[in-house]
$ cat entry_10.txt   # compact mmCIF, C-alpha atoms and all ligand atoms
# COMPACT_ATOMS: atom_id res chain seq x y z
CA MET A 150 96.16 95.45 112.96
CA PHE A 151 92.66 96.96 112.94
CA GLU A 152 90.92 94.10 111.12
CA LEU A 153 87.49 93.74 112.71
CA PRO A 154 87.11 90.31 114.34
CA GLY A 155 84.71 88.20 112.29
CA LEU A 156 84.88 90.69 109.39
CA PRO A 157 88.54 90.50 108.32
CA HIS A 158 87.82 92.34 105.06
CA LEU A 159 87.07 95.47 107.12
CA GLN A 160 89.60 97.68 108.90
CA ALA A 161 88.21 99.60 111.87
CA GLY A 162 87.55 103.23 110.98
CA THR A 163 85.91 105.83 113.17
CA LEU A 164 84.25 104.68 116.40
CA PHE A 165 80.97 106.60 116.72
CA CYS A 166 79.34 106.25 120.13
CA ILE A 167 75.91 107.11 121.48
CA GLY A 168 75.23 108.38 125.00
CA ARG A 169 71.99 108.09 127.00
CA ASN A 170 70.14 105.70 124.70
CA TYR A 171 68.32 103.85 127.51
CA VAL A 172 65.92 105.62 129.87
CA ASP A 173 67.03 103.58 132.92
CA HIS A 174 70.71 104.48 132.43
CA ALA A 175 70.03 108.19 131.80
CA LYS A 176 68.12 108.21 135.11
CA GLU A 177 70.82 106.39 137.10
CA LEU A 178 73.30 109.15 136.22
CA ASN A 179 70.67 111.91 136.68
CA ASN A 180 70.88 112.89 133.02
CA PRO A 181 67.91 114.13 130.97
CA VAL A 182 66.51 111.74 128.32
CA PRO A 183 67.65 113.21 125.00
CA SER A 184 65.30 114.28 122.21
CA GLN A 185 67.94 113.51 119.60
CA PRO A 186 70.92 111.15 119.72
CA LEU A 187 73.95 112.25 121.76
CA VAL A 188 77.01 111.37 119.66
CA PHE A 189 80.67 111.25 120.64
CA LEU A 190 83.80 109.60 119.24
CA LYS A 191 86.47 107.24 120.50
CA SER A 192 89.81 106.60 118.83
CA ARG A 193 90.09 103.21 117.13
CA ASN A 194 93.37 102.86 119.04
CA THR A 195 91.23 102.13 122.12
CA LEU A 196 89.95 98.85 120.61
CA VAL A 197 90.69 95.49 122.25
CA PHE A 198 89.83 92.27 120.40
CA PRO A 199 89.13 88.83 121.91
CA SER A 200 92.24 86.94 123.00
CA PRO A 201 93.30 84.96 126.08
CA GLU A 202 95.44 87.96 127.09
CA ALA A 203 92.71 90.60 126.62
CA GLU A 204 92.89 93.21 129.38
CA ILE A 205 91.33 96.47 130.44
CA LEU A 206 94.05 98.76 131.80
CA LEU A 207 93.02 101.10 134.63
CA PRO A 208 94.80 104.41 134.01
CA PRO A 209 96.47 106.23 136.92
CA GLN A 210 94.55 109.42 135.99
CA SER A 211 91.23 107.90 137.12
CA SER A 212 89.98 106.17 140.25
CA ASP A 213 86.52 105.36 138.88
CA VAL A 214 86.52 103.43 135.58
CA HIS A 215 83.07 102.07 134.71
CA HIS A 216 81.99 99.32 132.32
CA GLU A 217 79.21 100.13 129.82
CA VAL A 218 78.10 97.05 127.87
CA GLU A 219 76.75 97.96 124.42
CA PHE A 220 75.53 96.55 121.12
CA VAL A 221 78.11 97.46 118.49
CA PHE A 222 77.50 97.64 114.73
CA ALA A 223 80.05 97.54 111.91
CA ILE A 224 79.30 99.47 108.73
CA GLY A 225 79.98 97.59 105.48
CA GLU A 226 78.93 100.12 102.83
CA ALA A 227 79.59 103.80 102.21
CA ILE A 228 76.44 105.78 103.09
CA HIS A 229 75.63 109.48 103.37
CA HIS A 230 72.19 110.91 104.19
CA ALA A 231 70.91 107.32 104.28
CA SER A 232 67.30 106.26 104.66
CA GLU A 233 66.58 103.80 107.49
CA GLN A 234 66.42 100.97 104.97
CA GLU A 235 69.80 102.00 103.52
CA ALA A 236 71.15 102.20 107.06
CA PHE A 237 69.96 98.65 107.76
CA ASN A 238 71.42 97.39 104.48
CA ALA A 239 74.78 98.97 105.37
CA ILE A 240 75.18 96.88 108.56
CA ALA A 241 78.03 94.39 108.06
CA GLY A 242 77.67 92.79 111.47
CA ILE A 243 76.86 93.12 115.17
CA ALA A 244 79.13 92.48 118.14
CA ILE A 245 79.16 92.92 121.88
CA GLY A 246 81.29 95.79 123.14
CA ILE A 247 82.26 97.65 126.30
CA ASP A 248 82.50 101.45 126.30
CA CYS A 249 84.87 101.90 129.25
CA THR A 250 84.47 105.29 130.87
CA ALA A 251 86.55 107.15 133.45
CA ARG A 252 83.43 108.42 135.24
CA ASP A 253 85.31 110.83 137.51
CA LEU A 254 86.96 112.53 134.53
CA GLN A 255 83.66 112.54 132.61
CA SER A 256 81.85 114.21 135.53
CA LYS A 257 84.50 116.94 135.67
CA ALA A 258 84.28 117.41 131.89
CA LYS A 259 80.48 117.68 132.07
CA GLU A 260 80.70 120.34 134.82
CA LYS A 261 83.07 122.43 132.74
CA GLY A 262 81.32 121.83 129.42
CA HIS A 263 84.44 120.10 128.09
CA PRO A 264 84.50 117.17 125.63
CA TRP A 265 84.36 113.59 126.94
CA THR A 266 87.33 112.52 124.80
CA LEU A 267 89.78 111.83 127.62
CA ALA A 268 87.20 110.12 129.86
CA LYS A 269 86.33 107.74 127.03
CA GLY A 270 89.65 107.58 125.26
CA PHE A 271 92.25 105.68 127.29
CA HIS A 272 94.16 102.70 125.91
CA THR A 273 92.01 99.49 126.03
CA PHE A 274 88.76 101.44 126.64
CA ALA A 275 86.87 99.82 123.71
CA PRO A 276 86.86 96.01 123.92
CA ILE A 277 84.67 94.32 121.30
CA GLY A 278 83.80 90.70 120.53
CA GLU A 279 83.59 89.02 117.16
CA PHE A 280 81.16 90.51 114.65
CA ILE A 281 78.30 88.29 113.47
CA THR A 282 76.36 88.99 110.29
CA LEU A 283 72.64 89.63 110.69
CA PRO A 284 71.56 86.85 108.29
CA SER A 285 73.52 84.35 110.40
CA LEU A 286 71.34 85.45 113.37
CA GLY A 287 68.22 85.00 111.20
CA ILE A 288 67.61 88.77 111.10
CA GLN A 289 66.23 90.09 107.80
CA SER A 290 64.84 93.48 108.83
CA SER A 291 65.32 96.36 111.21
CA GLU A 292 62.41 95.08 113.34
CA GLY A 293 64.16 91.72 113.68
CA LEU A 294 66.96 93.39 115.64
CA SER A 295 64.66 94.13 118.57
CA GLN A 296 64.79 90.51 119.79
CA LEU A 297 68.52 90.75 120.59
CA THR A 298 69.73 90.91 124.19
CA MET A 299 73.11 91.36 125.87
CA SER A 300 74.59 91.03 129.32
CA CYS A 301 77.71 91.77 131.29
CA THR A 302 79.06 89.95 134.32
CA VAL A 303 81.91 90.89 136.64
CA ASN A 304 83.52 88.02 138.54
CA GLY A 305 80.56 85.86 137.49
CA GLU A 306 77.86 88.21 138.85
CA GLN A 307 75.49 89.90 136.43
CA ARG A 308 75.89 93.69 136.40
CA GLN A 309 74.04 94.73 133.24
CA HIS A 310 71.40 93.29 130.96
CA GLY A 311 69.80 94.99 127.99
CA SER A 312 67.69 94.55 124.91
CA ILE A 313 67.59 96.46 121.65
CA SER A 314 63.84 96.83 122.26
CA ASP A 315 64.69 99.07 125.28
CA MET A 316 66.64 101.61 123.22
CA ILE A 317 65.34 105.17 122.86
CA PHE A 318 66.77 105.37 119.30
CA SER A 319 66.92 102.14 117.28
CA PRO A 320 70.20 101.04 115.71
CA THR A 321 69.02 101.86 112.19
CA SER A 322 67.75 105.29 113.22
CA LEU A 323 71.15 105.98 114.84
CA ILE A 324 73.07 104.93 111.72
CA GLN A 325 70.68 107.00 109.61
CA TYR A 326 71.17 110.00 111.94
CA VAL A 327 74.96 109.79 112.05
CA SER A 328 75.03 109.50 108.23
CA THR A 329 73.32 112.89 108.02
CA ILE A 330 76.20 114.43 110.02
CA CYS A 331 79.13 112.70 108.35
CA PRO A 332 79.51 110.11 105.59
CA LEU A 333 80.05 106.58 106.91
CA VAL A 334 82.52 104.27 105.22
CA PRO A 335 83.16 100.52 105.43
CA GLY A 336 84.83 99.68 108.75
CA ASP A 337 83.21 102.47 110.74
CA VAL A 338 81.83 101.21 114.03
CA LEU A 339 78.84 102.38 116.09
CA PHE A 340 78.50 101.84 119.86
CA THR A 341 74.80 102.26 120.66
CA GLY A 342 74.68 103.20 124.35
CA THR A 343 74.37 101.28 127.60
CA PRO A 344 71.51 100.17 129.85
CA ALA A 345 71.48 100.64 133.65
CA GLY A 346 73.91 98.88 135.95
CA VAL A 347 77.17 100.63 135.07
CA ALA A 348 79.66 100.28 137.91
CA LYS A 349 83.28 100.58 138.90
CA LEU A 350 85.92 98.10 137.76
CA GLN A 351 88.67 97.10 140.18
CA ALA A 352 92.07 95.60 139.46
CA GLY A 353 91.72 91.83 139.72
CA ASP A 354 88.18 91.75 138.27
CA THR A 355 87.28 89.59 135.31
CA ILE A 356 84.60 91.07 133.09
CA GLN A 357 82.65 89.15 130.50
CA ALA A 358 80.27 90.72 127.99
CA THR A 359 77.99 88.54 125.90
CA LEU A 360 75.64 89.09 122.98
CA HIS A 361 72.37 87.20 123.08
CA ASP A 362 73.07 83.47 122.58
CA SER A 363 76.83 83.94 123.13
CA SER A 364 77.32 84.47 119.40
CA SER A 365 79.69 87.32 120.29
CA SER A 366 81.47 87.59 123.61
CA ILE A 367 84.64 88.92 125.18
CA SER A 368 86.29 88.23 128.52
CA LEU A 369 88.94 90.51 129.97
CA ASP A 370 91.07 90.79 133.07
CA VAL A 371 91.13 94.21 134.70
CA VAL A 372 94.60 95.38 135.74
CA HIS A 373 96.37 98.61 136.59
CA ALA A 374 98.11 100.12 133.58
CA PRO A 375 101.83 99.48 133.86
CA GLU A 376 103.76 102.57 135.00
CA GLY A 377 104.87 104.60 132.04
CA GLY A 378 102.89 102.23 129.78
ZN ZN A 401 78.59 104.24 126.37
$ encode --input "entry_10.txt" --output "structure tokens"
Amino acid sequence: MFELPGLPHLQAGTLFCIGRNYVDHAKELNNPVPSQPLVFLKSRNTLVFPSPEAEILLPPQSSDVHHEVEFVFAIGEAIHHASEQEAFNAIAGIAIGIDCTARDLQSKAKEKGHPWTLAKGFHTFAPIGEFITLPSLGIQSSEGLSQLTMSCTVNGEQRQHGSISDMIFSPTSLIQYVSTICPLVPGDVLFTGTPAGVAKLQAGDTIQATLHDSSSSISLDVVHAPEGG
């Protein structure tokens, strides 16, 4: 049920997520640029995998659900207090993902100093595409990741575009950092933050998120969550 698309030998574990990893996005939400990674978690039960029926459900508790397109990494080896090289070697694959966020609930949580769990944690709030191994993208080193780009369109119009080279903390430094907090195990997943352009999703929208040369992509219809569902 939680087999990662493209990596069927791995079952999704913990979803680690990074906030404010692009200067332009931190600024658009009037947040300070962090001096160390801002880490939060999502339940793996929020995952949505590619399928013709893939949907993002807008929950009745929010009237302002935003898309955040992100590079997503799957961990393939157990690591703890990893070096950056060990962090790179532990990457099983990369995919495109969307960190859906109930911005109104997140803003209230921020004001009160409460966790972001509910704002980030509704059903269908973590769509991801198929994972691609780094060698199949011709990437042999951490530096090679910086060439990768991603984009997100809503109803065919581009909303977000980003590059790994624009990140404040590189993917390997994030994996290394998280591994100093908590051991990582095969199947754990890391969302690495979103660039500028986050915006509200409306029922009836179609959102498409794409990695680089379309090696990983996902398309979803946005609908209201069924009552009582
Ligand atoms: Zn995010």
$ atom_distance --input "entry_10.txt" --atom1 "CA of Gln210 (chain A)" --atom2 "CA of Val371 (chain A)"
15.6 Å
$ closest_residue --input "entry_10.txt" --among "A:Glu226, A:Asp173, A:Glu233, A:Asp248" --to "ligand ZN 401 (chain A)" --atoms "all atoms listed in the file"
A:Asp248
$ residues_near_ligand --input "entry_10.txt" --ligand "ligand ZN 401 (chain A)" --cutoff "9 Å" --atoms "all atoms listed in the file" --output "PDB file with C-alpha atoms, in the coordinates of the input"
ATOM      1  CA  CYS A 166      79.340 106.250 120.130  1.00  0.00           C
ATOM      2  CA  ILE A 167      75.910 107.110 121.480  1.00  0.00           C
ATOM      3  CA  GLY A 168      75.230 108.380 125.000  1.00  0.00           C
ATOM      4  CA  ARG A 169      71.990 108.090 127.000  1.00  0.00           C
ATOM      5  CA  ASN A 170      70.140 105.700 124.700  1.00  0.00           C
ATOM      6  CA  HIS A 216      81.990  99.320 132.320  1.00  0.00           C
ATOM      7  CA  GLU A 217      79.210 100.130 129.820  1.00  0.00           C
ATOM      8  CA  VAL A 218      78.100  97.050 127.870  1.00  0.00           C
ATOM      9  CA  GLU A 219      76.750  97.960 124.420  1.00  0.00           C
ATOM     10  CA  ILE A 247      82.260  97.650 126.300  1.00  0.00           C
ATOM     11  CA  ASP A 248      82.500 101.450 126.300  1.00  0.00           C
ATOM     12  CA  CYS A 249      84.870 101.900 129.250  1.00  0.00           C
ATOM     13  CA  THR A 250      84.470 105.290 130.870  1.00  0.00           C
ATOM     14  CA  LYS A 269      86.330 107.740 127.030  1.00  0.00           C
ATOM     15  CA  PHE A 340      78.500 101.840 119.860  1.00  0.00           C
ATOM     16  CA  THR A 341      74.800 102.260 120.660  1.00  0.00           C
ATOM     17  CA  GLY A 342      74.680 103.200 124.350  1.00  0.00           C
ATOM     18  CA  THR A 343      74.370 101.280 127.600  1.00  0.00           C
ATOM     19  CA  PRO A 344      71.510 100.170 129.850  1.00  0.00           C
TER      20      PRO A 344
END
$ atom_distance --input "entry_10.txt" --atom1 "CA of Ile240 (chain A)" --atom2 "CA of Gln357 (chain A)"
24.4 Å
$ residues_around --input "entry_10.txt" --residues "Gly336 (chain A)" --least-positions-apart "3" --cutoff "8 Å" --atoms "only C-alpha atoms" --output "NGL selection string"
:A and (153 or 159-163 or 223-225)
$ residues_around --input "entry_10.txt" --residues "region 252-260 of chain A" --least-positions-apart "4" --cutoff "8 Å" --atoms "only C-alpha atoms" --output "count of residues only"
10
$ residues_near_point --input "entry_10.txt" --point "(71.9, 105.3, 139.9)" --cutoff "10 Å" --atoms "only C-alpha atoms" --output "short mmCIF file (atom, residue, chain, number, x, y, z; two decimals) with C-alpha atoms, in the frame of the given file"
data_model
loop_
_atom_site.label_atom_id
_atom_site.label_comp_id
_atom_site.auth_asym_id
_atom_site.auth_seq_id
_atom_site.Cartn_x
_atom_site.Cartn_y
_atom_site.Cartn_z
CA ASP A 173 67.03 103.58 132.92
CA HIS A 174 70.71 104.48 132.43
CA ALA A 175 70.03 108.19 131.80
CA LYS A 176 68.12 108.21 135.11
CA GLU A 177 70.82 106.39 137.10
CA LEU A 178 73.30 109.15 136.22
CA ASN A 179 70.67 111.91 136.68
CA ALA A 345 71.48 100.64 133.65
CA GLY A 346 73.91 98.88 135.95
CA VAL A 347 77.17 100.63 135.07
CA ALA A 348 79.66 100.28 137.91
#
$ residues_around --input "entry_10.txt" --residues "Asp362 (chain A)" --least-positions-apart "4" --cutoff "12 Å" --atoms "all atoms listed in the file" --output "list in words"
Ala244, Ile245, Ile281, Leu286, Gln296, Leu297, Thr298, Met299, Ser300, Ala358 and Ser366 of chain A
$ closest_residue --input "entry_10.txt" --among "A:Thr355, A:Gly293, A:Ser363, A:Gly305" --to "Pro201 (chain A)" --atoms "all atoms listed in the file"
A:Thr355
$ atom_distance --input "entry_10.txt" --atom1 "CA of His229 (chain A)" --atom2 "CA of Val197 (chain A)"
27.9 Å
$ residues_around --input "entry_10.txt" --residues "region 198-200 of chain A" --least-positions-apart "4" --cutoff "9 Å" --atoms "all atoms listed in the file" --output "count of residues only"
12
$ closest_residue --input "entry_10.txt" --among "A:Tyr326, A:Phe151, A:Phe274, A:Phe237" --to "Thr195 (chain A)" --atoms "all atoms listed in the file"
A:Phe274
$ closest_residue --input "entry_10.txt" --among "A:Ser232, A:Gln185, A:Ser364, A:Thr359" --to "His310 (chain A)" --atoms "all atoms listed in the file"
A:Thr359
$ closest_residue --input "entry_10.txt" --among "A:Cys301, A:Ile324, A:Ala374, A:Leu333" --to "His361 (chain A)" --atoms "only C-alpha atoms"
A:Cys301
